[in-house]
>>> print(open('data_36.cif').read())   # mmCIF, C-alpha atoms and all ligand atoms
data_target
#
loop_
_atom_site.label_atom_id
_atom_site.label_comp_id
_atom_site.auth_asym_id
_atom_site.auth_seq_id
_atom_site.Cartn_x
_atom_site.Cartn_y
_atom_site.Cartn_z
CA MET K 115 -12.01 101.74 -39.52
CA GLU K 116 -13.03 98.13 -40.03
CA LEU K 117 -16.72 97.32 -39.87
CA ASP K 118 -16.21 95.04 -36.84
CA LYS K 119 -14.53 97.83 -34.93
CA ALA K 120 -17.29 100.28 -35.89
CA ARG K 121 -19.91 97.74 -34.76
CA GLU K 122 -18.31 97.54 -31.28
CA LYS K 123 -18.75 101.30 -31.01
CA LEU K 124 -22.44 101.36 -31.89
CA ILE K 125 -24.95 101.14 -29.06
CA VAL K 126 -28.63 101.02 -30.04
CA ALA K 127 -31.11 102.47 -27.53
CA LEU K 128 -34.06 100.11 -27.03
CA ASP K 129 -36.52 102.81 -26.04
CA VAL K 130 -39.64 100.64 -26.27
CA ASP K 131 -42.28 99.45 -23.79
CA THR K 132 -42.10 95.69 -24.01
CA LYS K 133 -39.62 92.83 -23.96
CA GLU K 134 -41.13 91.57 -27.24
CA GLN K 135 -40.48 94.87 -29.03
CA ALA K 136 -36.95 94.96 -27.63
CA LEU K 137 -36.20 91.41 -28.79
CA GLN K 138 -37.56 92.14 -32.24
CA LEU K 139 -35.12 95.06 -32.54
CA VAL K 140 -32.22 92.98 -31.20
CA GLU K 141 -32.91 90.31 -33.76
CA LEU K 142 -32.89 92.87 -36.59
CA LEU K 143 -29.97 94.95 -35.35
CA GLN K 144 -27.53 92.58 -33.67
CA PRO K 145 -25.41 92.28 -36.83
CA TYR K 146 -24.78 96.04 -36.65
CA ALA K 147 -24.61 96.93 -32.94
CA GLY K 148 -22.07 95.92 -30.30
CA MET K 149 -24.36 96.70 -27.40
CA PHE K 150 -27.99 97.51 -26.62
CA LYS K 151 -29.11 100.18 -24.18
CA THR K 152 -31.94 99.53 -21.76
CA GLY K 153 -33.16 102.81 -20.36
CA MET K 154 -35.93 103.79 -17.99
CA GLN K 155 -38.76 103.07 -20.42
CA LEU K 156 -37.92 99.41 -21.05
CA PHE K 157 -36.54 98.64 -17.58
CA TYR K 158 -39.47 100.18 -15.68
CA SER K 159 -41.94 98.42 -17.92
CA ALA K 160 -40.34 94.99 -18.45
CA GLY K 161 -38.38 94.78 -15.19
CA PRO K 162 -34.88 93.51 -14.43
CA ALA K 163 -35.60 90.18 -16.15
CA VAL K 164 -35.30 91.92 -19.50
CA VAL K 165 -31.54 92.18 -18.92
CA SER K 166 -31.18 88.38 -18.67
CA VAL K 167 -33.30 87.92 -21.77
CA LEU K 168 -31.07 90.28 -23.75
CA LYS K 169 -27.93 88.63 -22.42
CA GLU K 170 -29.25 85.19 -23.42
CA ARG K 171 -29.31 86.51 -27.00
CA GLY K 172 -25.64 87.35 -26.64
CA ALA K 173 -26.25 91.10 -26.42
CA GLY K 174 -24.04 93.31 -24.23
CA VAL K 175 -26.31 95.48 -22.07
CA PHE K 176 -25.82 99.14 -21.26
CA LEU K 177 -28.20 99.77 -18.36
CA ASP K 178 -28.94 103.47 -18.42
CA LEU K 179 -30.96 104.34 -15.30
CA LYS K 180 -29.05 107.56 -14.53
CA LEU K 181 -28.84 107.04 -10.77
CA HIS K 182 -28.98 110.33 -8.84
CA ASP K 183 -29.51 110.20 -5.07
CA ILE K 184 -27.54 110.26 -1.83
CA PRO K 185 -24.32 108.19 -1.86
CA ASN K 186 -25.68 105.39 0.34
CA THR K 187 -28.73 104.86 -1.88
CA VAL K 188 -26.81 105.04 -5.14
CA GLY K 189 -24.10 102.71 -3.82
CA HIS K 190 -26.63 100.02 -2.91
CA ALA K 191 -28.50 100.47 -6.20
CA ALA K 192 -25.24 100.16 -8.17
CA ALA K 193 -24.48 96.90 -6.33
CA VAL K 194 -27.93 95.50 -7.18
CA LEU K 195 -27.58 96.49 -10.85
CA THR K 196 -24.09 94.96 -10.99
CA ARG K 197 -25.65 91.60 -10.07
CA LEU K 198 -27.61 91.71 -13.33
CA GLY K 199 -24.33 91.33 -15.22
CA VAL K 200 -24.62 94.48 -17.30
CA SER K 201 -21.65 95.87 -19.24
CA MET K 202 -22.24 99.54 -18.43
CA LEU K 203 -24.37 101.58 -16.06
CA THR K 204 -24.93 105.31 -15.53
CA VAL K 205 -25.09 107.79 -12.65
CA HIS K 206 -25.55 111.58 -12.87
CA ALA K 207 -22.36 113.59 -12.35
CA ALA K 208 -24.56 116.25 -10.71
CA GLY K 209 -24.94 113.86 -7.77
CA GLY K 210 -21.42 114.84 -6.71
CA ALA K 211 -18.11 113.19 -5.91
CA ALA K 212 -19.18 111.12 -2.89
CA MET K 213 -22.10 109.68 -4.86
CA MET K 214 -19.94 108.81 -7.86
CA ARG K 215 -17.30 107.20 -5.59
CA ALA K 216 -19.99 105.16 -3.84
CA ALA K 217 -21.29 103.88 -7.20
CA ALA K 218 -17.84 102.93 -8.50
CA ALA K 219 -16.82 101.26 -5.23
CA ALA K 220 -20.06 99.31 -4.86
CA ALA K 221 -19.97 98.08 -8.47
CA GLY K 222 -16.36 96.96 -8.02
CA GLU K 223 -16.96 95.22 -4.69
CA GLU K 224 -20.08 93.43 -5.87
CA ALA K 225 -18.40 92.27 -9.08
CA ASP K 226 -15.41 90.97 -7.09
CA ARG K 227 -17.72 89.15 -4.66
CA LEU K 228 -19.56 87.46 -7.53
CA LYS K 229 -16.38 86.98 -9.57
CA ILE K 230 -17.96 88.66 -12.57
CA ARG K 231 -16.70 91.45 -14.76
CA ARG K 232 -17.19 94.88 -13.21
CA PRO K 233 -19.65 97.00 -15.20
CA ARG K 234 -18.16 100.19 -16.54
CA VAL K 235 -19.66 103.03 -14.54
CA LEU K 236 -20.30 106.20 -16.54
CA ALA K 237 -21.23 109.69 -15.38
CA VAL K 238 -23.93 111.49 -17.35
CA THR K 239 -22.71 115.08 -17.67
CA VAL K 240 -24.95 117.70 -19.32
CA LEU K 241 -27.88 116.03 -21.11
CA THR K 242 -27.75 116.35 -24.89
CA SER K 243 -31.27 117.85 -24.83
CA ILE K 244 -29.91 120.94 -23.03
CA ASP K 245 -28.58 123.87 -25.07
CA GLU K 246 -26.48 126.76 -23.74
CA GLN K 247 -29.55 128.88 -23.08
CA ALA K 248 -31.36 126.22 -21.05
CA PHE K 249 -28.09 125.45 -19.25
CA ASN K 250 -27.77 129.05 -18.04
CA ARG K 251 -31.39 130.12 -17.68
CA GLU K 252 -33.27 126.96 -16.68
CA LEU K 253 -30.63 125.04 -14.76
CA GLY K 254 -29.20 128.28 -13.37
CA LEU K 255 -25.64 127.13 -14.06
CA SER K 256 -23.03 129.71 -14.98
CA GLY K 257 -20.29 129.33 -17.59
CA THR K 258 -20.48 127.16 -20.68
CA VAL K 259 -21.71 123.62 -21.28
CA GLN K 260 -18.20 122.74 -22.52
CA ASP K 261 -16.57 123.87 -19.27
CA ARG K 262 -19.13 122.03 -17.12
CA VAL K 263 -18.70 118.81 -19.13
CA ALA K 264 -14.91 119.09 -18.85
CA ALA K 265 -15.06 119.70 -15.08
CA TRP K 266 -17.54 116.87 -14.42
CA SER K 267 -15.48 114.51 -16.61
CA ALA K 268 -12.33 115.26 -14.63
CA LEU K 269 -14.25 114.76 -11.37
CA ALA K 270 -15.73 111.47 -12.60
CA ARG K 271 -12.27 110.23 -13.49
CA GLU K 272 -10.92 111.21 -10.06
CA CYS K 273 -13.81 109.30 -8.46
CA GLY K 274 -12.84 106.09 -10.25
CA LEU K 275 -15.48 106.10 -12.99
CA ASP K 276 -14.69 104.62 -16.40
CA GLY K 277 -16.06 107.37 -18.58
CA VAL K 278 -18.82 109.86 -19.25
CA VAL K 279 -21.92 110.33 -21.33
CA ALA K 280 -21.70 113.68 -23.12
CA SER K 281 -22.54 115.11 -26.52
CA ALA K 282 -20.03 114.51 -29.28
CA ARG K 283 -19.48 118.26 -29.36
CA GLU K 284 -17.54 117.89 -26.10
CA ALA K 285 -15.79 114.62 -27.03
CA ALA K 286 -12.48 116.16 -28.09
CA LEU K 287 -12.35 118.23 -24.92
CA VAL K 288 -13.05 115.21 -22.69
CA CYS K 289 -10.36 113.18 -24.49
CA ARG K 290 -7.85 115.97 -23.90
CA GLU K 291 -8.88 116.34 -20.26
CA CYS K 292 -9.12 112.66 -19.30
CA GLY K 293 -6.89 110.71 -21.68
CA PRO K 294 -7.46 108.01 -24.26
CA ASP K 295 -8.66 105.22 -21.91
CA PHE K 296 -11.55 107.21 -20.50
CA LEU K 297 -14.78 106.35 -22.34
CA VAL K 298 -16.76 109.11 -24.05
CA VAL K 299 -20.18 107.72 -24.85
CA THR K 300 -22.14 110.10 -27.06
CA PRO K 301 -25.91 110.21 -27.63
CA GLY K 302 -27.49 112.96 -29.71
CA ILE K 303 -26.22 111.30 -32.89
CA ARG K 304 -28.05 112.33 -36.03
CA PRO K 305 -27.11 111.29 -39.58
CA ALA K 306 -27.18 114.27 -41.98
CA GLY K 307 -30.76 115.28 -42.69
CA ALA K 308 -32.30 113.34 -39.77
CA GLY K 309 -34.70 115.20 -37.48
CA SER K 310 -33.18 116.25 -34.17
CA GLY K 311 -36.39 115.74 -32.14
CA ASP K 312 -35.75 116.81 -28.55
CA GLN K 313 -31.96 116.63 -28.94
CA ARG K 314 -30.08 119.95 -28.98
CA ARG K 315 -26.34 119.19 -29.04
CA ILE K 316 -26.19 116.82 -32.00
CA MET K 317 -23.49 115.53 -34.35
CA THR K 318 -23.30 113.14 -37.28
CA PRO K 319 -21.87 109.65 -36.69
CA ALA K 320 -18.71 110.38 -38.69
CA ALA K 321 -18.07 113.71 -36.95
CA ALA K 322 -18.63 112.14 -33.51
CA LEU K 323 -16.02 109.46 -34.14
CA ALA K 324 -13.59 111.98 -35.60
CA ALA K 325 -14.02 114.06 -32.43
CA GLY K 326 -12.97 111.08 -30.29
CA ALA K 327 -16.24 109.47 -29.14
CA SER K 328 -15.56 105.92 -27.93
CA HIS K 329 -19.19 104.81 -28.43
CA LEU K 330 -22.21 106.26 -30.21
CA VAL K 331 -25.70 105.84 -28.72
CA VAL K 332 -28.39 105.88 -31.38
CA GLY K 333 -32.10 105.42 -30.86
CA ARG K 334 -34.81 106.87 -33.08
CA PRO K 335 -32.74 107.40 -36.26
CA VAL K 336 -32.45 103.58 -36.35
CA THR K 337 -35.33 102.16 -34.32
CA GLY K 338 -37.87 104.64 -35.73
CA ALA K 339 -36.76 104.19 -39.35
CA PRO K 340 -39.10 102.41 -41.78
CA ASP K 341 -36.34 99.79 -42.22
CA PRO K 342 -34.25 99.74 -39.01
CA ALA K 343 -31.72 97.23 -40.36
CA ALA K 344 -31.07 99.36 -43.46
CA ALA K 345 -30.72 102.48 -41.28
CA ALA K 346 -28.24 100.68 -39.00
CA ARG K 347 -26.28 99.36 -41.97
CA ALA K 348 -25.97 102.87 -43.43
CA LEU K 349 -24.95 104.29 -40.06
CA LEU K 350 -22.29 101.63 -39.60
CA ALA K 351 -20.95 102.26 -43.10
CA GLU K 352 -20.65 105.97 -42.28
CA MET K 353 -18.85 105.11 -39.01
CA ALA K 354 -16.47 102.71 -40.74
CA GLY K 355 -15.60 105.37 -43.30
CA ALA K 356 -15.03 108.05 -40.68
CA VAL K 357 -11.54 107.46 -39.26
O1 LIG V 401 -27.55 108.53 -20.91
C1 LIG V 401 -27.94 108.53 -22.09
O2 LIG V 401 -27.85 107.52 -22.77
C2 LIG V 401 -28.38 109.81 -22.68
C3 LIG V 401 -27.79 110.94 -22.18
C4 LIG V 401 -28.00 112.17 -22.84
O3 LIG V 401 -27.43 113.20 -22.46
N1 LIG V 401 -28.82 112.20 -23.92
C5 LIG V 401 -29.45 111.08 -24.39
O4 LIG V 401 -30.16 111.18 -25.40
N2 LIG V 401 -29.28 109.87 -23.74
C6 LIG V 401 -30.02 108.67 -24.21
O5 LIG V 401 -29.63 108.35 -25.54
C7 LIG V 401 -30.75 107.93 -26.32
C8 LIG V 401 -30.88 108.84 -27.52
O6 LIG V 401 -31.95 108.45 -28.29
P1 LIG V 401 -32.29 109.13 -29.70
O7 LIG V 401 -32.40 110.60 -29.48
O8 LIG V 401 -33.60 108.48 -30.06
O9 LIG V 401 -31.16 108.75 -30.64
C9 LIG V 401 -31.96 107.93 -25.39
O10 LIG V 401 -32.14 106.61 -24.93
C10 LIG V 401 -31.55 108.82 -24.23
O11 LIG V 401 -32.09 108.38 -23.00
#
>>> encode(input="data_36.cif", output="structure tokens")
Amino acid sequence: MELDKAREKLIVALDVDTKEQALQLVELLQPYAGMFKTGMQLFYSAGPAVVSVLKERGAGVFLDLKLHDIPNTVGHAAAVLTRLGVSMLTVHAAGGAAMMRAAAAAAGEEADRLKIRRPRVLAVTVLTSIDEQAFNRELGLSGTVQDRVAAWSALARECGLDGVVASAREAALVCRECGPDFLVVTPGIRPAGAGSGDQRRIMTPAAALAAGASHLVVGRPVTGAPDPAAAARALLAEMAGAV
């Protein structure tokens, strides 16, 4: 794969407290990443304005707030977030079909009203920090993680969502279930030898792409490295060599 194509697939998670820290990372990492993810930590601390600041730098923004509430609340929240002009946003598949439909519809309607590009709405399936044991014993869900991810992916697609967030271990299954245009965004990426931290269902960048992941979300292995730019460069080189 060409480096440019690999870059489009790399999303760096800006899990920091301040706008200044986020901008410092963007400056270092923009040559290597196609998009930057603003999650709860940065958004709750720096506020919605941080999205505009990132966009001014030319960065595509993946706004990962994992909405999970009743359909009416999630629909209105998705409309508000659409106004920020983000490229992607997330809801939890566990919120159910009506909630996912409300999010997709509201994002589409608001984008049409403002004549802006509709953000891609993604369903978070089973968090990558959950292993089979926690899935069965703590969440009280029966069956396997793979089956749950496949079922929630199919439901998300039926509800008009653009893709899912899942571990790369389920990427091939989701591609088979939902087709090549459905996005499979995979966190829990760890280069060989990197510490897994709180992640449980992990994969290397090359293996994730080979399994069919459309985008890789990477945080600490890059942002926590002594030289984040060098870590991102190495990761991108591994991705480019993968398929
Ligand atoms: O929605 C997400 O992005 C997400 C879903 C998931 O199942 N697991 C997961 O780790 N994430 C996010 O992906 C990023 C992973 O960060 P690192 O573990 O530092 O690479 C974090 O920002 C998480 O919030």
>>> residues_around(input="data_36.cif", residues="Thr152 in chain K", least_positions_apart="6", cutoff="10 Å", atoms="all atoms listed in the file", output="short mmCIF file (atom, residue, chain, number, x, y, z; two decimals) with C-alpha atoms, in the coordinates of the input")
data_model
loop_
_atom_site.label_atom_id
_atom_site.label_comp_id
_atom_site.auth_asym_id
_atom_site.auth_seq_id
_atom_site.Cartn_x
_atom_site.Cartn_y
_atom_site.Cartn_z
CA VAL K 126 -28.63 101.02 -30.04
CA ALA K 127 -31.11 102.47 -27.53
CA LEU K 128 -34.06 100.11 -27.03
CA ASP K 129 -36.52 102.81 -26.04
CA VAL K 130 -39.64 100.64 -26.27
CA ALA K 136 -36.95 94.96 -27.63
CA TYR K 158 -39.47 100.18 -15.68
CA PRO K 162 -34.88 93.51 -14.43
CA VAL K 164 -35.30 91.92 -19.50
CA VAL K 165 -31.54 92.18 -18.92
CA LEU K 168 -31.07 90.28 -23.75
CA VAL K 175 -26.31 95.48 -22.07
CA PHE K 176 -25.82 99.14 -21.26
CA LEU K 177 -28.20 99.77 -18.36
CA ASP K 178 -28.94 103.47 -18.42
CA LEU K 179 -30.96 104.34 -15.30
CA VAL K 200 -24.62 94.48 -17.30
CA LEU K 203 -24.37 101.58 -16.06
#
>>> residues_near_ligand(input="data_36.cif", ligand="ligand LIG 401 (chain V)", cutoff="8 Å", atoms="all atoms listed in the file", output="number ranges by chain")
K: 127-129, 151-154, 178-180, 204, 238-243, 279-281, 299-304, 310-313, 331-337
>>> atom_distance(input="data_36.cif", atom1="CA of Asp183 in chain K", atom2="CA of Arg227 in chain K")
24.1 Å
>>> closest_residue(input="data_36.cif", among="K:Glu116, K:Ala173, K:Leu349, K:Gly161", to="Leu137 in chain K", atoms="all atoms listed in the file")
K:Ala173
>>> atom_distance(input="data_36.cif", atom1="CA of Asp245 in chain K", atom2="CA of Arg314 in chain K")
5.7 Å
>>> closest_residue(input="data_36.cif", among="K:Ala212, K:Leu323, K:Lys133, K:Arg232", to="Ala193 in chain K", atoms="all atoms listed in the file")
K:Arg232
>>> residues_near_point(input="data_36.cif", point="(-24.7, 95.5, -7.8)", cutoff="10 Å", atoms="all atoms listed in the file", output="number ranges by chain")
K: 189-200, 217, 220-225, 227-228, 232-233
>>> residues_around(input="data_36.cif", residues="Ala120 in chain K", least_positions_apart="4", cutoff="8 Å", atoms="all atoms listed in the file", output="short mmCIF file (atom, residue, chain, number, x, y, z; two decimals) with C-alpha atoms, in the coordinates of the input")
data_model
loop_
_atom_site.label_atom_id
_atom_site.label_comp_id
_atom_site.auth_asym_id
_atom_site.auth_seq_id
_atom_site.Cartn_x
_atom_site.Cartn_y
_atom_site.Cartn_z
CA MET K 115 -12.01 101.74 -39.52
CA GLU K 116 -13.03 98.13 -40.03
CA LEU K 124 -22.44 101.36 -31.89
CA LEU K 350 -22.29 101.63 -39.60
CA MET K 353 -18.85 105.11 -39.01
CA ALA K 354 -16.47 102.71 -40.74
#
>>> residues_around(input="data_36.cif", residues="Val278 in chain K", least_positions_apart="6", cutoff="9 Å", atoms="only C-alpha atoms", output="number ranges by chain")
K: 204, 207, 235-239, 263, 266-267, 270-271, 288, 296-300
>>> atom_distance(input="data_36.cif", atom1="CA of Pro185 in chain K", atom2="CA of Cys273 in chain K")
12.5 Å
>>> axis_aligned_box(input="data_36.cif", around="range 194-200 of chain K", padding_each_side="4 Å", output="JSON")
{"center_x": -26.0, "center_y": 93.9, "center_z": -12.2, "size_x": 11.8, "size_y": 13.2, "size_z": 18.1}
>>> residues_around(input="data_36.cif", residues="Leu255 in chain K", least_positions_apart="6", cutoff="12 Å", atoms="only C-alpha atoms", output="PyMOL selection string")
chain K and resi 208+240+244-249+261-263
>>> closest_residue(input="data_36.cif", among="K:Arg347, K:Arg251, K:His182, K:His329", to="Ala285 in chain K", atoms="all atoms listed in the file")
K:His329
>>> decode(input="data_36.cif", residues="range 235-256 of chain K", atoms="N, CA and C atoms", output="mmCIF file, in the first residue's frame")
data_model
loop_
_atom_site.group_PDB
_atom_site.id
_atom_site.type_symbol
_atom_site.label_atom_id
_atom_site.label_comp_id
_atom_site.auth_asym_id
_atom_site.auth_seq_id
_atom_site.Cartn_x
_atom_site.Cartn_y
_atom_site.Cartn_z
ATOM 1 N N VAL K 235 -21.408 8.013 10.870
ATOM 2 C CA VAL K 235 -21.850 7.607 12.208
ATOM 3 C C VAL K 235 -21.456 6.137 12.400
ATOM 4 N N LEU K 236 -20.710 5.886 13.468
ATOM 5 C CA LEU K 236 -20.183 4.548 13.736
ATOM 6 C C LEU K 236 -20.779 3.995 15.023
ATOM 7 N N ALA K 237 -21.019 2.701 15.053
ATOM 8 C CA ALA K 237 -21.496 2.052 16.272
ATOM 9 C C ALA K 237 -20.319 1.370 16.976
ATOM 10 N N VAL K 238 -20.114 1.711 18.231
ATOM 11 C CA VAL K 238 -19.111 1.009 19.037
ATOM 12 C C VAL K 238 -19.728 -0.328 19.448
ATOM 13 N N THR K 239 -19.063 -1.408 19.131
ATOM 14 C CA THR K 239 -19.620 -2.739 19.433
ATOM 15 C C THR K 239 -19.152 -3.182 20.825
ATOM 16 N N VAL K 240 -18.293 -4.196 20.898
ATOM 17 C CA VAL K 240 -17.779 -4.624 22.204
ATOM 18 C C VAL K 240 -16.424 -3.946 22.403
ATOM 19 N N LEU K 241 -16.287 -3.176 23.477
ATOM 20 C CA LEU K 241 -15.045 -2.434 23.726
ATOM 21 C C LEU K 241 -13.828 -3.360 23.682
ATOM 22 N N THR K 242 -12.732 -2.835 23.156
ATOM 23 C CA THR K 242 -11.517 -3.651 23.006
ATOM 24 C C THR K 242 -10.857 -3.976 24.351
ATOM 25 N N SER K 243 -11.333 -3.349 25.420
ATOM 26 C CA SER K 243 -10.806 -3.646 26.759
ATOM 27 C C SER K 243 -11.513 -4.843 27.397
ATOM 28 N N ILE K 244 -12.508 -5.382 26.693
ATOM 29 C CA ILE K 244 -13.302 -6.502 27.229
ATOM 30 C C ILE K 244 -12.824 -7.815 26.599
ATOM 31 N N ASP K 245 -12.450 -8.780 27.447
ATOM 32 C CA ASP K 245 -12.111 -10.106 26.906
ATOM 33 C C ASP K 245 -13.332 -11.034 27.049
ATOM 34 N N GLU K 246 -13.185 -12.254 26.558
ATOM 35 C CA GLU K 246 -14.344 -13.184 26.550
ATOM 36 C C GLU K 246 -14.899 -13.385 27.958
ATOM 37 N N GLN K 247 -13.969 -13.478 28.926
ATOM 38 C CA GLN K 247 -14.402 -13.756 30.292
ATOM 39 C C GLN K 247 -15.225 -12.604 30.862
ATOM 40 N N ALA K 248 -14.742 -11.377 30.674
ATOM 41 C CA ALA K 248 -15.487 -10.209 31.157
ATOM 42 C C ALA K 248 -16.813 -10.085 30.413
ATOM 43 N N PHE K 249 -16.790 -10.418 29.130
ATOM 44 C CA PHE K 249 -17.998 -10.346 28.298
ATOM 45 C C PHE K 249 -19.099 -11.227 28.888
ATOM 46 N N ASN K 250 -18.725 -12.464 29.240
ATOM 47 C CA ASN K 250 -19.718 -13.400 29.783
ATOM 48 C C ASN K 250 -20.029 -13.122 31.243
ATOM 49 N N ARG K 251 -18.973 -12.941 32.057
ATOM 50 C CA ARG K 251 -19.198 -12.894 33.510
ATOM 51 C C ARG K 251 -19.587 -11.513 34.020
ATOM 52 N N GLU K 252 -18.944 -10.465 33.492
ATOM 53 C CA GLU K 252 -19.218 -9.119 34.019
ATOM 54 C C GLU K 252 -20.387 -8.454 33.302
ATOM 55 N N LEU K 253 -20.415 -8.583 31.986
ATOM 56 C CA LEU K 253 -21.516 -7.957 31.242
ATOM 57 C C LEU K 253 -22.748 -8.864 31.231
ATOM 58 N N GLY K 254 -22.533 -10.136 31.579
ATOM 59 C CA GLY K 254 -23.666 -11.076 31.637
ATOM 60 C C GLY K 254 -24.221 -11.409 30.263
ATOM 61 N N LEU K 255 -23.375 -11.266 29.227
ATOM 62 C CA LEU K 255 -23.841 -11.560 27.868
ATOM 63 C C LEU K 255 -23.442 -12.987 27.504
ATOM 64 N N SER K 256 -24.334 -13.698 26.856
ATOM 65 C CA SER K 256 -24.020 -15.082 26.484
ATOM 66 C C SER K 256 -23.414 -15.110 25.086
#
